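Structure below is start-v3.cif: mmCIF, N, CA, C and O atoms.
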data_coords
#
loop_
_atom_site.label_atom_id
_atom_site.label_comp_id
_atom_site.auth_asym_id
_atom_site.auth_seq_id
_atom_site.Cartn_x
_atom_site.Cartn_y
_atom_site.Cartn_z
N MET A 8 15.65 -51.72 21.92
CA MET A 8 16.42 -52.87 22.30
C MET A 8 15.91 -53.48 23.62
O MET A 8 15.80 -54.69 23.70
N PRO A 9 15.59 -52.65 24.63
CA PRO A 9 15.09 -53.25 25.86
C PRO A 9 13.78 -54.03 25.66
O PRO A 9 13.58 -55.09 26.27
N ARG A 10 12.90 -53.53 24.79
CA ARG A 10 11.64 -54.25 24.54
C ARG A 10 11.91 -55.57 23.82
O ARG A 10 11.26 -56.58 24.10
N MET A 11 12.86 -55.57 22.91
CA MET A 11 13.19 -56.81 22.21
C MET A 11 13.82 -57.81 23.18
O MET A 11 13.52 -59.00 23.15
N LYS A 12 14.66 -57.33 24.08
CA LYS A 12 15.28 -58.21 25.06
C LYS A 12 14.22 -58.79 26.00
O LYS A 12 14.25 -59.98 26.34
N ALA A 13 13.26 -57.97 26.41
CA ALA A 13 12.17 -58.45 27.28
C ALA A 13 11.34 -59.51 26.55
O ALA A 13 10.92 -60.51 27.16
N PHE A 14 11.11 -59.32 25.25
CA PHE A 14 10.36 -60.30 24.48
C PHE A 14 11.12 -61.63 24.39
O PHE A 14 10.53 -62.70 24.54
N ILE A 15 12.41 -61.56 24.19
CA ILE A 15 13.23 -62.79 24.14
C ILE A 15 13.18 -63.50 25.49
O ILE A 15 13.04 -64.73 25.55
N GLN A 16 13.25 -62.76 26.57
CA GLN A 16 13.16 -63.36 27.90
C GLN A 16 11.79 -64.00 28.12
O GLN A 16 11.68 -65.06 28.74
N TYR A 17 10.75 -63.37 27.61
CA TYR A 17 9.41 -63.95 27.68
C TYR A 17 9.37 -65.28 26.92
O TYR A 17 8.83 -66.27 27.42
N LEU A 18 9.94 -65.30 25.73
CA LEU A 18 9.97 -66.54 24.95
C LEU A 18 10.74 -67.64 25.68
O LEU A 18 10.36 -68.81 25.63
N GLU A 19 11.81 -67.29 26.35
CA GLU A 19 12.60 -68.28 27.08
C GLU A 19 11.79 -68.96 28.18
O GLU A 19 12.02 -70.12 28.50
N GLN A 20 10.83 -68.25 28.76
CA GLN A 20 10.01 -68.78 29.85
C GLN A 20 8.72 -69.45 29.36
O GLN A 20 8.00 -70.05 30.16
N MET A 21 8.41 -69.35 28.08
CA MET A 21 7.15 -69.83 27.54
C MET A 21 7.06 -71.37 27.58
O MET A 21 7.97 -72.05 27.11
N PRO A 22 5.99 -71.91 28.15
CA PRO A 22 5.81 -73.36 28.15
C PRO A 22 5.64 -73.90 26.72
O PRO A 22 5.06 -73.23 25.87
N ALA A 23 6.15 -75.09 26.47
CA ALA A 23 6.06 -75.74 25.15
C ALA A 23 6.54 -74.81 24.04
O ALA A 23 5.89 -74.64 23.02
N ASN A 24 7.68 -74.22 24.25
CA ASN A 24 8.23 -73.23 23.34
C ASN A 24 8.71 -73.90 22.05
O ASN A 24 9.64 -74.69 22.07
N PRO A 25 8.11 -73.55 20.90
CA PRO A 25 8.52 -74.17 19.63
C PRO A 25 9.72 -73.47 18.97
O PRO A 25 10.26 -73.96 17.99
N ILE A 26 10.16 -72.33 19.51
CA ILE A 26 11.23 -71.56 18.90
C ILE A 26 12.58 -72.08 19.39
O ILE A 26 12.85 -72.11 20.58
N GLU A 27 13.41 -72.51 18.44
CA GLU A 27 14.69 -73.12 18.80
C GLU A 27 15.85 -72.15 18.72
O GLU A 27 16.82 -72.27 19.47
N THR A 28 15.80 -71.19 17.80
CA THR A 28 16.92 -70.29 17.56
C THR A 28 16.41 -68.90 17.19
O THR A 28 15.39 -68.78 16.53
N ILE A 29 17.15 -67.89 17.61
CA ILE A 29 16.85 -66.52 17.19
C ILE A 29 18.07 -66.01 16.44
O ILE A 29 19.18 -66.03 16.98
N TYR A 30 17.85 -65.60 15.21
CA TYR A 30 18.96 -65.09 14.42
C TYR A 30 18.52 -63.83 13.68
O TYR A 30 17.33 -63.57 13.55
N THR A 31 19.49 -63.06 13.23
CA THR A 31 19.20 -61.78 12.59
C THR A 31 20.32 -61.39 11.65
O THR A 31 21.36 -62.03 11.62
N ARG A 32 20.08 -60.34 10.91
CA ARG A 32 21.11 -59.66 10.12
C ARG A 32 21.17 -58.23 10.63
O ARG A 32 20.14 -57.61 10.83
N ALA A 33 22.35 -57.73 10.85
CA ALA A 33 22.50 -56.33 11.22
C ALA A 33 22.41 -55.52 9.94
O ALA A 33 23.32 -55.54 9.12
N THR A 34 21.28 -54.85 9.73
CA THR A 34 21.02 -54.17 8.47
C THR A 34 20.62 -52.72 8.71
O THR A 34 19.71 -52.44 9.50
N ASP A 35 21.28 -51.82 8.02
CA ASP A 35 20.93 -50.41 8.05
C ASP A 35 19.50 -50.26 7.50
O ASP A 35 19.23 -50.69 6.38
N VAL A 36 18.60 -49.70 8.28
CA VAL A 36 17.20 -49.59 7.86
C VAL A 36 16.84 -48.22 7.32
O VAL A 36 15.67 -47.93 7.11
N ASN A 37 17.83 -47.38 7.07
CA ASN A 37 17.55 -46.02 6.63
C ASN A 37 17.41 -45.88 5.12
O ASN A 37 16.99 -44.85 4.64
N GLY A 38 17.77 -46.90 4.36
CA GLY A 38 17.71 -46.81 2.91
C GLY A 38 16.29 -46.76 2.38
O GLY A 38 15.34 -47.23 3.01
N ILE A 39 16.12 -46.19 1.24
CA ILE A 39 14.80 -46.06 0.61
C ILE A 39 14.16 -47.42 0.34
O ILE A 39 12.95 -47.57 0.42
N GLU A 40 14.98 -48.43 0.05
CA GLU A 40 14.44 -49.76 -0.25
C GLU A 40 13.89 -50.45 1.00
O GLU A 40 13.24 -51.48 0.89
N LYS A 41 14.10 -49.88 2.17
CA LYS A 41 13.61 -50.48 3.41
C LYS A 41 12.42 -49.73 3.99
O LYS A 41 12.10 -49.88 5.14
N LYS A 42 11.78 -48.89 3.18
CA LYS A 42 10.71 -48.06 3.74
C LYS A 42 9.52 -48.87 4.25
O LYS A 42 8.74 -48.37 5.05
N HIS A 43 9.40 -50.13 3.83
CA HIS A 43 8.31 -50.95 4.37
C HIS A 43 8.45 -51.15 5.88
O HIS A 43 7.47 -51.36 6.59
N LEU A 44 9.68 -51.04 6.40
CA LEU A 44 9.89 -51.18 7.84
C LEU A 44 9.30 -50.02 8.62
O LEU A 44 9.02 -50.14 9.80
N ARG A 45 9.10 -48.89 7.97
CA ARG A 45 8.51 -47.73 8.64
C ARG A 45 7.07 -48.04 9.10
O ARG A 45 6.57 -47.43 10.02
N LEU A 46 6.42 -49.01 8.44
CA LEU A 46 5.07 -49.41 8.83
C LEU A 46 5.03 -50.01 10.23
O LEU A 46 3.98 -50.08 10.85
N THR A 47 6.17 -50.45 10.73
CA THR A 47 6.22 -51.04 12.07
C THR A 47 6.25 -49.99 13.16
O THR A 47 6.17 -50.31 14.33
N GLY A 48 6.38 -48.71 12.76
CA GLY A 48 6.45 -47.64 13.75
C GLY A 48 7.86 -47.44 14.30
O GLY A 48 8.04 -46.75 15.29
N MET A 49 8.85 -48.04 13.65
CA MET A 49 10.22 -47.88 14.12
C MET A 49 10.67 -46.44 13.97
O MET A 49 10.16 -45.71 13.14
N LEU A 50 11.59 -46.06 14.81
CA LEU A 50 12.15 -44.73 14.75
C LEU A 50 13.48 -44.80 14.00
O LEU A 50 14.42 -45.44 14.48
N PRO A 51 13.58 -44.17 12.84
CA PRO A 51 14.83 -44.23 12.09
C PRO A 51 15.96 -43.53 12.85
O PRO A 51 15.73 -42.57 13.57
N SER A 52 17.16 -44.05 12.68
CA SER A 52 18.32 -43.48 13.34
C SER A 52 19.50 -43.49 12.39
O SER A 52 19.78 -44.51 11.77
N LYS A 53 20.16 -42.36 12.28
CA LYS A 53 21.34 -42.29 11.42
C LYS A 53 22.48 -43.10 12.00
O LYS A 53 23.42 -43.45 11.30
N ASN A 54 22.43 -43.42 13.29
CA ASN A 54 23.47 -44.21 13.94
C ASN A 54 23.27 -45.72 13.75
O ASN A 54 24.12 -46.50 14.13
N ALA A 55 22.13 -46.11 13.20
CA ALA A 55 21.82 -47.53 13.05
C ALA A 55 22.41 -48.08 11.75
O ALA A 55 21.70 -48.51 10.86
N THR A 56 23.72 -48.07 11.67
CA THR A 56 24.40 -48.63 10.50
C THR A 56 24.61 -50.13 10.72
O THR A 56 24.45 -50.64 11.83
N ASP A 57 24.98 -50.82 9.65
CA ASP A 57 25.27 -52.26 9.76
C ASP A 57 26.29 -52.53 10.87
O ASP A 57 26.12 -53.42 11.69
N THR A 58 27.36 -51.75 10.86
CA THR A 58 28.46 -51.95 11.80
C THR A 58 28.02 -51.69 13.24
O THR A 58 28.32 -52.47 14.14
N THR A 59 27.28 -50.61 13.44
CA THR A 59 26.81 -50.26 14.79
C THR A 59 25.85 -51.31 15.31
O THR A 59 25.96 -51.77 16.45
N LEU A 60 24.89 -51.72 14.49
CA LEU A 60 23.92 -52.72 14.92
C LEU A 60 24.60 -54.06 15.21
O LEU A 60 24.26 -54.75 16.17
N ASP A 61 25.58 -54.44 14.40
CA ASP A 61 26.32 -55.67 14.63
C ASP A 61 26.96 -55.63 16.02
O ASP A 61 26.86 -56.58 16.80
N ARG A 62 27.60 -54.52 16.33
CA ARG A 62 28.26 -54.37 17.63
C ARG A 62 27.25 -54.41 18.78
O ARG A 62 27.47 -55.07 19.81
N VAL A 63 26.12 -53.73 18.62
CA VAL A 63 25.09 -53.72 19.66
C VAL A 63 24.50 -55.11 19.86
O VAL A 63 24.34 -55.57 20.99
N TYR A 64 24.18 -55.81 18.78
CA TYR A 64 23.61 -57.15 18.89
C TYR A 64 24.58 -58.09 19.61
O TYR A 64 24.17 -58.93 20.40
N ARG A 65 25.85 -57.96 19.32
CA ARG A 65 26.85 -58.83 19.97
C ARG A 65 26.95 -58.51 21.47
O ARG A 65 27.00 -59.43 22.29
N LYS A 66 26.96 -57.24 21.81
CA LYS A 66 27.12 -56.85 23.21
C LYS A 66 25.82 -57.04 24.01
O LYS A 66 25.82 -57.62 25.09
N TYR A 67 24.72 -56.53 23.48
CA TYR A 67 23.46 -56.49 24.23
C TYR A 67 22.74 -57.83 24.25
O TYR A 67 22.11 -58.19 25.24
N PHE A 68 22.82 -58.58 23.14
CA PHE A 68 22.09 -59.84 23.04
C PHE A 68 23.01 -61.06 23.05
O PHE A 68 22.54 -62.18 22.89
N GLY A 69 24.30 -60.85 23.19
CA GLY A 69 25.23 -61.97 23.19
C GLY A 69 25.28 -62.69 21.86
O GLY A 69 25.52 -63.89 21.80
N ALA A 70 25.05 -61.96 20.77
CA ALA A 70 25.02 -62.58 19.44
C ALA A 70 26.42 -63.00 19.00
O ALA A 70 27.41 -62.35 19.33
N THR A 71 26.47 -64.10 18.26
CA THR A 71 27.71 -64.61 17.69
C THR A 71 27.46 -64.96 16.23
O THR A 71 26.31 -65.12 15.80
N ASP A 72 28.55 -65.09 15.47
CA ASP A 72 28.40 -65.50 14.07
C ASP A 72 27.79 -66.89 14.01
O ASP A 72 28.18 -67.78 14.76
N TRP A 73 26.83 -67.06 13.11
CA TRP A 73 26.19 -68.36 12.90
C TRP A 73 26.81 -68.98 11.67
O TRP A 73 27.41 -68.29 10.84
N LYS A 74 26.66 -70.28 11.50
CA LYS A 74 27.29 -70.96 10.36
C LYS A 74 26.63 -70.61 9.03
O LYS A 74 27.22 -70.83 7.98
N TYR A 75 25.43 -70.05 9.04
CA TYR A 75 24.72 -69.72 7.80
C TYR A 75 25.02 -68.28 7.39
O TYR A 75 25.14 -67.40 8.22
N LYS A 76 25.10 -68.05 6.10
CA LYS A 76 25.44 -66.73 5.57
C LYS A 76 24.27 -66.12 4.81
O LYS A 76 23.43 -66.83 4.28
N ASP A 77 24.24 -64.79 4.77
CA ASP A 77 23.19 -64.08 4.05
C ASP A 77 23.56 -63.98 2.57
O ASP A 77 24.58 -64.51 2.13
N CYS A 78 22.74 -63.26 1.80
CA CYS A 78 22.96 -63.13 0.36
C CYS A 78 24.22 -62.35 0.02
O CYS A 78 24.71 -62.42 -1.11
N GLU A 79 24.78 -61.63 0.99
CA GLU A 79 26.02 -60.89 0.76
C GLU A 79 27.24 -61.66 1.24
O GLU A 79 28.35 -61.14 1.22
N GLY A 80 27.04 -62.88 1.73
CA GLY A 80 28.14 -63.70 2.21
C GLY A 80 28.55 -63.43 3.65
O GLY A 80 29.52 -64.00 4.14
N LYS A 81 27.80 -62.58 4.35
CA LYS A 81 28.09 -62.29 5.76
C LYS A 81 27.33 -63.30 6.63
O LYS A 81 26.18 -63.63 6.32
N PRO A 82 27.93 -63.76 7.73
CA PRO A 82 27.20 -64.70 8.59
C PRO A 82 26.03 -64.02 9.30
O PRO A 82 26.13 -62.85 9.68
N PHE A 83 24.92 -64.75 9.41
CA PHE A 83 23.83 -64.28 10.26
C PHE A 83 24.34 -64.25 11.69
O PHE A 83 25.31 -64.93 12.04
N LEU A 84 23.70 -63.47 12.53
CA LEU A 84 24.04 -63.41 13.95
C LEU A 84 23.03 -64.25 14.73
O LEU A 84 21.82 -64.09 14.57
N LYS A 85 23.53 -65.13 15.55
CA LYS A 85 22.68 -65.98 16.38
C LYS A 85 22.68 -65.41 17.80
O LYS A 85 23.73 -65.25 18.41
N PHE A 86 21.49 -65.09 18.31
CA PHE A 86 21.36 -64.51 19.64
C PHE A 86 21.56 -65.59 20.71
O PHE A 86 21.23 -66.76 20.50
N ARG A 87 22.06 -65.15 21.87
CA ARG A 87 22.09 -66.04 23.03
C ARG A 87 20.63 -66.27 23.42
O ARG A 87 19.87 -65.31 23.66
N TYR A 88 20.22 -67.52 23.48
CA TYR A 88 18.80 -67.84 23.70
C TYR A 88 18.71 -69.23 24.32
O TYR A 88 19.20 -70.21 23.74
N ASN A 89 18.14 -69.32 25.50
CA ASN A 89 18.06 -70.58 26.24
C ASN A 89 16.64 -70.83 26.73
O ASN A 89 16.30 -70.51 27.86
N PRO A 90 15.78 -71.42 25.88
CA PRO A 90 14.40 -71.69 26.33
C PRO A 90 14.39 -72.71 27.47
O PRO A 90 15.12 -73.69 27.42
N LYS A 91 13.58 -72.42 28.46
CA LYS A 91 13.49 -73.30 29.64
C LYS A 91 12.60 -74.52 29.39
O LYS A 91 12.80 -75.57 29.99
N TYR A 92 11.60 -74.38 28.51
CA TYR A 92 10.65 -75.46 28.27
C TYR A 92 10.47 -75.72 26.78
O TYR A 92 9.39 -75.52 26.22
N PRO A 93 11.52 -76.18 26.10
CA PRO A 93 11.38 -76.41 24.66
C PRO A 93 10.46 -77.59 24.37
O PRO A 93 10.22 -78.42 25.25
N LEU A 94 9.96 -77.64 23.16
CA LEU A 94 9.11 -78.78 22.74
C LEU A 94 9.92 -80.04 22.68
O LEU A 94 11.05 -80.11 22.47
#
This structure in C-alpha coordinates:
Amino acid sequence: MPRMKAFIQYLEQMPANPIETIYTRATDVNGIEKKHLRLTGMLPSKNATDTTLDRVYRKYFGATDWKYKDCEGKPFLKFRYNPKYPL
(Lines of atoms letter the chains of each structure in order from A and count residues from 1; the text may use other names and numbers.)
(Lines give C-alpha, C1' and ligand atoms only; values in the text may rest on other atoms or scores of the structure.)
Protein backbone atom coordinates (compact mmCIF):
# COMPACT_ATOMS: atom_id res chain seq x y z
CA MET A 1 0.00 0.00 0.00
CA PRO A 2 2.75 2.53 0.77
CA ARG A 3 4.36 1.92 -2.65
CA MET A 4 1.02 2.38 -4.38
CA LYS A 5 0.40 5.59 -2.45
CA ALA A 6 3.88 6.89 -3.40
CA PHE A 7 3.14 6.09 -7.06
CA ILE A 8 -0.15 8.01 -6.91
CA GLN A 9 1.67 10.98 -5.36
CA TYR A 10 4.23 10.78 -8.16
CA LEU A 11 1.44 10.87 -10.74
CA GLU A 12 -0.10 13.91 -9.04
CA GLN A 13 3.17 15.82 -9.54
CA MET A 14 3.79 14.65 -13.12
CA PRO A 15 3.87 17.45 -15.73
CA ALA A 16 1.25 17.16 -18.51
CA ASN A 17 -0.47 14.38 -16.60
CA PRO A 18 -2.98 12.57 -18.87
CA ILE A 19 -4.51 10.53 -16.02
CA GLU A 20 -7.79 12.02 -14.84
CA THR A 21 -9.15 9.41 -12.41
CA ILE A 22 -7.93 6.44 -10.41
CA TYR A 23 -10.49 3.78 -9.68
CA THR A 24 -10.45 0.17 -8.51
CA ARG A 25 -12.45 -2.80 -7.33
CA ALA A 26 -11.75 -4.28 -3.93
CA THR A 27 -11.27 -7.90 -4.98
CA ASP A 28 -10.07 -10.91 -3.03
CA VAL A 29 -6.99 -12.09 -4.97
CA ASN A 30 -6.63 -15.47 -3.28
CA GLY A 31 -8.98 -17.41 -5.55
CA ILE A 32 -7.66 -19.88 -8.10
CA GLU A 33 -9.17 -17.84 -10.95
CA LYS A 34 -6.88 -14.93 -10.01
CA LYS A 35 -3.59 -16.82 -10.22
CA HIS A 36 -2.45 -14.60 -13.11
CA LEU A 37 -1.94 -11.88 -10.48
CA ARG A 38 0.80 -13.99 -8.89
CA LEU A 39 2.95 -13.09 -11.93
CA THR A 40 3.16 -9.56 -10.52
CA GLY A 41 5.09 -10.84 -7.50
CA MET A 42 2.29 -9.94 -5.11
CA LEU A 43 2.26 -11.55 -1.72
CA PRO A 44 -1.02 -13.38 -1.11
CA SER A 45 -2.78 -12.64 2.15
CA LYS A 46 -5.69 -14.43 3.75
CA ASN A 47 -6.71 -11.06 5.22
CA ALA A 48 -7.10 -9.47 1.78
CA THR A 49 -10.82 -10.09 1.43
CA ASP A 50 -13.18 -7.86 -0.55
CA THR A 51 -14.47 -6.30 2.67
CA THR A 52 -11.02 -5.69 4.17
CA LEU A 53 -9.61 -4.19 0.98
CA ASP A 54 -12.67 -1.96 0.59
CA ARG A 55 -12.13 -0.61 4.10
CA VAL A 56 -8.39 -0.10 3.55
CA TYR A 57 -8.88 1.67 0.21
CA ARG A 58 -11.42 4.02 1.79
CA LYS A 59 -9.22 4.84 4.78
CA TYR A 60 -5.73 4.80 3.24
CA PHE A 61 -6.51 6.24 -0.21
CA GLY A 62 -9.62 8.28 0.57
CA ALA A 63 -11.64 6.14 -1.84
CA THR A 64 -15.36 6.75 -2.26
CA ASP A 65 -18.12 5.01 -4.21
CA TRP A 66 -18.05 6.01 -7.88
CA LYS A 67 -21.16 6.30 -10.03
CA TYR A 68 -20.08 3.34 -12.21
CA LYS A 69 -20.73 -0.25 -11.13
CA ASP A 70 -18.83 -3.48 -11.76
CA CYS A 71 -20.24 -6.71 -13.22
CA GLU A 72 -21.59 -7.67 -9.79
CA GLY A 73 -23.48 -4.39 -9.38
CA LYS A 74 -21.07 -2.99 -6.77
CA PRO A 75 -19.77 0.55 -7.30
CA PHE A 76 -16.14 0.97 -8.30
CA LEU A 77 -14.06 2.88 -5.76
CA LYS A 78 -12.66 6.22 -6.88
CA PHE A 79 -9.41 7.22 -5.16
CA ARG A 80 -8.74 10.72 -3.87
CA TYR A 81 -6.50 12.06 -6.65
CA ASN A 82 -5.58 15.67 -7.43
CA PRO A 83 -3.11 16.07 -10.31
CA LYS A 84 -1.26 19.38 -10.14
CA TYR A 85 -0.55 19.65 -13.89
CA PRO A 86 -3.35 17.97 -15.84
CA LEU A 87 -3.46 18.09 -19.64
Report the distance between CA of Pro82 (chain A) and CA of Thr34 (chain A) in Å, rounded to one decimal place. 12.2 Å
Write out as a PyMOL selection string the residues lying within 8 Å of region 9-18 of chain A, counting all atoms listed in the file and excluding same-chain residues fewer than 5 positions away. chain A and resi 23-26+67-68+87-93
Which value, in Å to one decimal, gives the distance between atom O of Gly69 (chain A) and atom N of Asp57 (chain A)? 17.9 Å
Pick from A:Lys66, A:Thr71, A:Lys81, A:Leu94: nearest to Ile29 (chain A), with only C-alpha atoms counted?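 Selected residue with least distance to Ile29 (chain A): A:Thr71.
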Picked from chain A by DSSP as strand (DSSP E), as number ranges by chain: A: 30-31, 71-76, 82-85
From a DSSP calculation on the backbone, collect every residue of chain A in alpha helix (DSSP H) and output the set as a list in words. Pro9, Arg10, Met11, Lys12, Ala13, Phe14, Ile15, Gln16, Tyr17, Leu18, Glu19, Gln20, Asp57, Thr58, Thr59, Leu60, Asp61, Arg62, Val63, Tyr64, Arg65, Lys66, Tyr67 and Phe68 of chain A
Compare A:Tyr64, A:Thr31, A:Thr56, A:Gly48 by their minimum atom-to-atom distance to Leu84 (chain A), counting all atoms listed in the file, and give me the closest one. A:Thr31
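Relative to atom C of Ala33 (chain A), atom O of Met49 (chain A) is found at 16.0 Å.
Within 6 Å of the point (22.2, -70.4, 17.9), and counting all atoms listed in the file, the protein, DNA and RNA residues are Glu27, Thr28, Ile29, Lys85 and Phe86 of chain A.
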